[in-house]
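Report on the following structure.
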Amino acid sequence: MDITNSPVDQVVAINSQIVQYLAVLVAMIGVLVLAYVTLRIGLPRLFGMHTSDTGPIRVLARYPLEPKKTLYLVEAGREAFLLASSDNGITFLTAVAAENVAEMSASKAAEKATRKDFRQMLAWFQGSGESR
């Protein structure tokens, strides 16, 4: 007795493979979405890494000195403070005058504006190559 697969059986087998493939694809997308949500929302809330520029306290600058030792320029309301953090905790160093903070912010903005990105440098090189 010769048993052969009918065309209907072949179509059903192909459809079941497509359904299995789509199920795996949906599961992978679900895992990726869950990982993204966990990394973007869950982890920062869990470890207290939530930063907001709209609150009364802002970190204006961060300068790492050594591993686990960092200087912070923090603005609280209208005042600014220089703080040091280490394994032992956070230490108040000094208050910073408002005009000094404004000057540092202006110089940082000017430095950022004068810095060229790769596209600008490439355009400059291409322009200088054409004029030769």
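Chain labels run A, B, ... following the order of the structure tokens; each chain numbers its residues from 1, and ligands are numbered from 1 in the order shown.
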Review point. How would you write, as an NGL selection string, the set of residues in chain A that DSSP gives as alpha helix (DSSP H)?
Key: :A and (7-37 or 43-47 or 98-114 or 118-130)
For A:Val101, please output as a PDB file with N, CA and C atoms, in the first residue's frame all residues within 12 Å (counting only C-alpha atoms; exclusion window: fewer than 6 positions along the same chain).
```
ATOM      1  N   VAL A  59      22.030  68.777  38.042  1.00  0.00           N
ATOM      2  CA  VAL A  59      23.471  68.553  37.997  1.00  0.00           C
ATOM      3  C   VAL A  59      23.973  69.269  36.751  1.00  0.00           C
ATOM      4  N   LEU A  60      24.729  70.332  36.946  1.00  0.00           N
ATOM      5  CA  LEU A  60      25.223  71.134  35.823  1.00  0.00           C
ATOM      6  C   LEU A  60      26.455  70.520  35.186  1.00  0.00           C
ATOM      7  N   ALA A  61      27.313  69.921  36.013  1.00  0.00           N
ATOM      8  CA  ALA A  61      28.538  69.323  35.480  1.00  0.00           C
ATOM      9  C   ALA A  61      28.952  68.163  36.371  1.00  0.00           C
ATOM     10  N   LEU A  73      28.921  69.761  40.049  1.00  0.00           N
ATOM     11  CA  LEU A  73      28.447  71.138  40.162  1.00  0.00           C
ATOM     12  C   LEU A  73      26.929  71.050  40.111  1.00  0.00           C
ATOM     13  N   VAL A  74      26.309  71.374  41.238  1.00  0.00           N
ATOM     14  CA  VAL A  74      24.868  71.179  41.397  1.00  0.00           C
ATOM     15  C   VAL A  74      24.195  72.523  41.603  1.00  0.00           C
ATOM     16  N   GLU A  75      23.088  72.724  40.894  1.00  0.00           N
ATOM     17  CA  GLU A  75      22.301  73.937  41.067  1.00  0.00           C
ATOM     18  C   GLU A  75      21.029  73.562  41.821  1.00  0.00           C
ATOM     19  N   ARG A  78      18.384  78.919  43.116  1.00  0.00           N
ATOM     20  CA  ARG A  78      19.226  79.950  42.493  1.00  0.00           C
ATOM     21  C   ARG A  78      20.680  79.853  42.924  1.00  0.00           C
ATOM     22  N   GLU A  79      21.005  78.865  43.711  1.00  0.00           N
ATOM     23  CA  GLU A  79      22.370  78.705  44.218  1.00  0.00           C
ATOM     24  C   GLU A  79      23.039  77.498  43.571  1.00  0.00           C
ATOM     25  N   ALA A  80      24.354  77.551  43.514  1.00  0.00           N
ATOM     26  CA  ALA A  80      25.133  76.453  42.952  1.00  0.00           C
ATOM     27  C   ALA A  80      26.178  76.013  43.959  1.00  0.00           C
ATOM     28  N   PHE A  81      26.452  74.721  43.979  1.00  0.00           N
ATOM     29  CA  PHE A  81      27.382  74.151  44.946  1.00  0.00           C
ATOM     30  C   PHE A  81      28.321  73.192  44.249  1.00  0.00           C
ATOM     31  N   LEU A  82      29.537  73.104  44.770  1.00  0.00           N
ATOM     32  CA  LEU A  82      30.501  72.118  44.311  1.00  0.00           C
ATOM     33  C   LEU A  82      30.511  71.004  45.346  1.00  0.00           C
ATOM     34  N   ALA A  95      30.285  76.864  47.936  1.00  0.00           N
ATOM     35  CA  ALA A  95      29.218  77.468  47.145  1.00  0.00           C
ATOM     36  C   ALA A  95      29.871  78.187  45.969  1.00  0.00           C
ATOM     37  N   SER A 107      30.701  79.476  28.463  1.00  0.00           N
ATOM     38  CA  SER A 107      31.922  78.963  27.832  1.00  0.00           C
ATOM     39  C   SER A 107      31.719  77.537  27.342  1.00  0.00           C
ATOM     40  N   LYS A 108      30.928  76.762  28.065  1.00  0.00           N
ATOM     41  CA  LYS A 108      30.647  75.391  27.632  1.00  0.00           C
ATOM     42  C   LYS A 108      29.819  75.400  26.349  1.00  0.00           C
TER      43      LYS A 108
END
```
Per residue of stretch 55-75 of chain A within 10 Å of stretch 27-51 of chain A, what are the shortest atom pair and its distance in Å to one decimal, counting only C-alpha atoms, with rows by chain and residue number, as CSV?
```
residue,atom,partner,partner_atom,distance
A:Gly55,CA,A:Thr51,CA,9.0
A:Ile57,CA,A:Thr51,CA,9.8
A:Arg58,CA,A:Thr51,CA,8.5
A:Val59,CA,A:Thr51,CA,9.1
```
Check your understanding: DSSP says strand (DSSP E or B) for which residues of stretch 64-117 of chain A? Put them as a PyMOL selection string?
Key -> chain A and resi 64-66+69-76+79-86+89-96
Please save N, CA and C atoms of the selected residues as a PDB file, in the first residue's frame.
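out_36.pdb was written with the following content:
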```
ATOM      1  N   PRO A  64      34.682  63.187  36.737  1.00  0.00           N
ATOM      2  CA  PRO A  64      35.255  62.048  37.462  1.00  0.00           C
ATOM      3  C   PRO A  64      36.737  62.269  37.731  1.00  0.00           C
ATOM      4  N   LEU A  65      37.130  62.103  38.980  1.00  0.00           N
ATOM      5  CA  LEU A  65      38.538  62.248  39.369  1.00  0.00           C
ATOM      6  C   LEU A  65      39.250  60.903  39.319  1.00  0.00           C
ATOM      7  N   GLU A  66      38.667  59.915  39.924  1.00  0.00           N
ATOM      8  CA  GLU A  66      39.169  58.552  39.974  1.00  0.00           C
ATOM      9  C   GLU A  66      37.951  57.646  39.925  1.00  0.00           C
ATOM     10  N   LYS A  69      35.258  58.388  42.635  1.00  0.00           N
ATOM     11  CA  LYS A  69      35.458  59.735  43.183  1.00  0.00           C
ATOM     12  C   LYS A  69      35.123  60.739  42.086  1.00  0.00           C
ATOM     13  N   THR A  70      34.127  61.587  42.364  1.00  0.00           N
ATOM     14  CA  THR A  70      33.608  62.486  41.342  1.00  0.00           C
ATOM     15  C   THR A  70      33.277  63.841  41.941  1.00  0.00           C
ATOM     16  N   LEU A  71      33.508  64.900  41.156  1.00  0.00           N
ATOM     17  CA  LEU A  71      33.075  66.247  41.526  1.00  0.00           C
ATOM     18  C   LEU A  71      31.785  66.553  40.776  1.00  0.00           C
ATOM     19  N   TYR A  72      30.858  67.214  41.473  1.00  0.00           N
ATOM     20  CA  TYR A  72      29.588  67.614  40.866  1.00  0.00           C
ATOM     21  C   TYR A  72      29.370  69.094  41.082  1.00  0.00           C
ATOM     22  N   LEU A  73      28.921  69.761  40.049  1.00  0.00           N
ATOM     23  CA  LEU A  73      28.447  71.138  40.162  1.00  0.00           C
ATOM     24  C   LEU A  73      26.929  71.050  40.111  1.00  0.00           C
ATOM     25  N   VAL A  74      26.309  71.374  41.238  1.00  0.00           N
ATOM     26  CA  VAL A  74      24.868  71.179  41.397  1.00  0.00           C
ATOM     27  C   VAL A  74      24.195  72.523  41.603  1.00  0.00           C
ATOM     28  N   GLU A  75      23.088  72.724  40.894  1.00  0.00           N
ATOM     29  CA  GLU A  75      22.301  73.937  41.067  1.00  0.00           C
ATOM     30  C   GLU A  75      21.029  73.562  41.821  1.00  0.00           C
ATOM     31  N   ALA A  76      20.812  74.236  42.944  1.00  0.00           N
ATOM     32  CA  ALA A  76      19.609  74.023  43.741  1.00  0.00           C
ATOM     33  C   ALA A  76      18.922  75.370  43.877  1.00  0.00           C
ATOM     34  N   GLU A  79      21.005  78.865  43.711  1.00  0.00           N
ATOM     35  CA  GLU A  79      22.370  78.705  44.218  1.00  0.00           C
ATOM     36  C   GLU A  79      23.039  77.498  43.571  1.00  0.00           C
ATOM     37  N   ALA A  80      24.354  77.551  43.514  1.00  0.00           N
ATOM     38  CA  ALA A  80      25.133  76.453  42.952  1.00  0.00           C
ATOM     39  C   ALA A  80      26.178  76.013  43.959  1.00  0.00           C
ATOM     40  N   PHE A  81      26.452  74.721  43.979  1.00  0.00           N
ATOM     41  CA  PHE A  81      27.382  74.151  44.946  1.00  0.00           C
ATOM     42  C   PHE A  81      28.321  73.192  44.249  1.00  0.00           C
ATOM     43  N   LEU A  82      29.537  73.104  44.770  1.00  0.00           N
ATOM     44  CA  LEU A  82      30.501  72.118  44.311  1.00  0.00           C
ATOM     45  C   LEU A  82      30.511  71.004  45.346  1.00  0.00           C
ATOM     46  N   LEU A  83      30.190  69.798  44.922  1.00  0.00           N
ATOM     47  CA  LEU A  83      30.104  68.650  45.809  1.00  0.00           C
ATOM     48  C   LEU A  83      31.080  67.583  45.348  1.00  0.00           C
ATOM     49  N   ALA A  84      31.576  66.791  46.302  1.00  0.00           N
ATOM     50  CA  ALA A  84      32.458  65.672  45.993  1.00  0.00           C
ATOM     51  C   ALA A  84      31.786  64.397  46.482  1.00  0.00           C
ATOM     52  N   SER A  85      31.825  63.368  45.661  1.00  0.00           N
ATOM     53  CA  SER A  85      31.276  62.085  46.091  1.00  0.00           C
ATOM     54  C   SER A  85      32.372  61.033  46.039  1.00  0.00           C
ATOM     55  N   SER A  86      32.329  60.137  47.017  1.00  0.00           N
ATOM     56  CA  SER A  86      33.296  59.040  47.094  1.00  0.00           C
ATOM     57  C   SER A  86      32.614  57.868  47.788  1.00  0.00           C
ATOM     58  N   GLY A  89      30.796  58.896  51.006  1.00  0.00           N
ATOM     59  CA  GLY A  89      29.585  59.698  50.941  1.00  0.00           C
ATOM     60  C   GLY A  89      29.783  60.939  50.099  1.00  0.00           C
ATOM     61  N   ILE A  90      28.916  61.914  50.326  1.00  0.00           N
ATOM     62  CA  ILE A  90      28.970  63.173  49.583  1.00  0.00           C
ATOM     63  C   ILE A  90      29.446  64.267  50.519  1.00  0.00           C
ATOM     64  N   THR A  91      30.374  65.092  50.035  1.00  0.00           N
ATOM     65  CA  THR A  91      30.951  66.163  50.844  1.00  0.00           C
ATOM     66  C   THR A  91      30.707  67.500  50.164  1.00  0.00           C
ATOM     67  N   PHE A  92      30.235  68.469  50.929  1.00  0.00           N
ATOM     68  CA  PHE A  92      30.068  69.835  50.441  1.00  0.00           C
ATOM     69  C   PHE A  92      31.439  70.486  50.390  1.00  0.00           C
ATOM     70  N   LEU A  93      31.817  71.040  49.244  1.00  0.00           N
ATOM     71  CA  LEU A  93      33.116  71.699  49.127  1.00  0.00           C
ATOM     72  C   LEU A  93      32.974  73.213  49.231  1.00  0.00           C
ATOM     73  N   THR A  94      32.147  73.799  48.379  1.00  0.00           N
ATOM     74  CA  THR A  94      32.001  75.254  48.410  1.00  0.00           C
ATOM     75  C   THR A  94      30.747  75.666  47.638  1.00  0.00           C
ATOM     76  N   ALA A  95      30.285  76.864  47.936  1.00  0.00           N
ATOM     77  CA  ALA A  95      29.218  77.468  47.145  1.00  0.00           C
ATOM     78  C   ALA A  95      29.871  78.187  45.969  1.00  0.00           C
ATOM     79  N   VAL A  96      29.212  78.191  44.850  1.00  0.00           N
ATOM     80  CA  VAL A  96      29.750  78.823  43.644  1.00  0.00           C
ATOM     81  C   VAL A  96      28.866  80.026  43.327  1.00  0.00           C
TER      82      VAL A  96
END
```
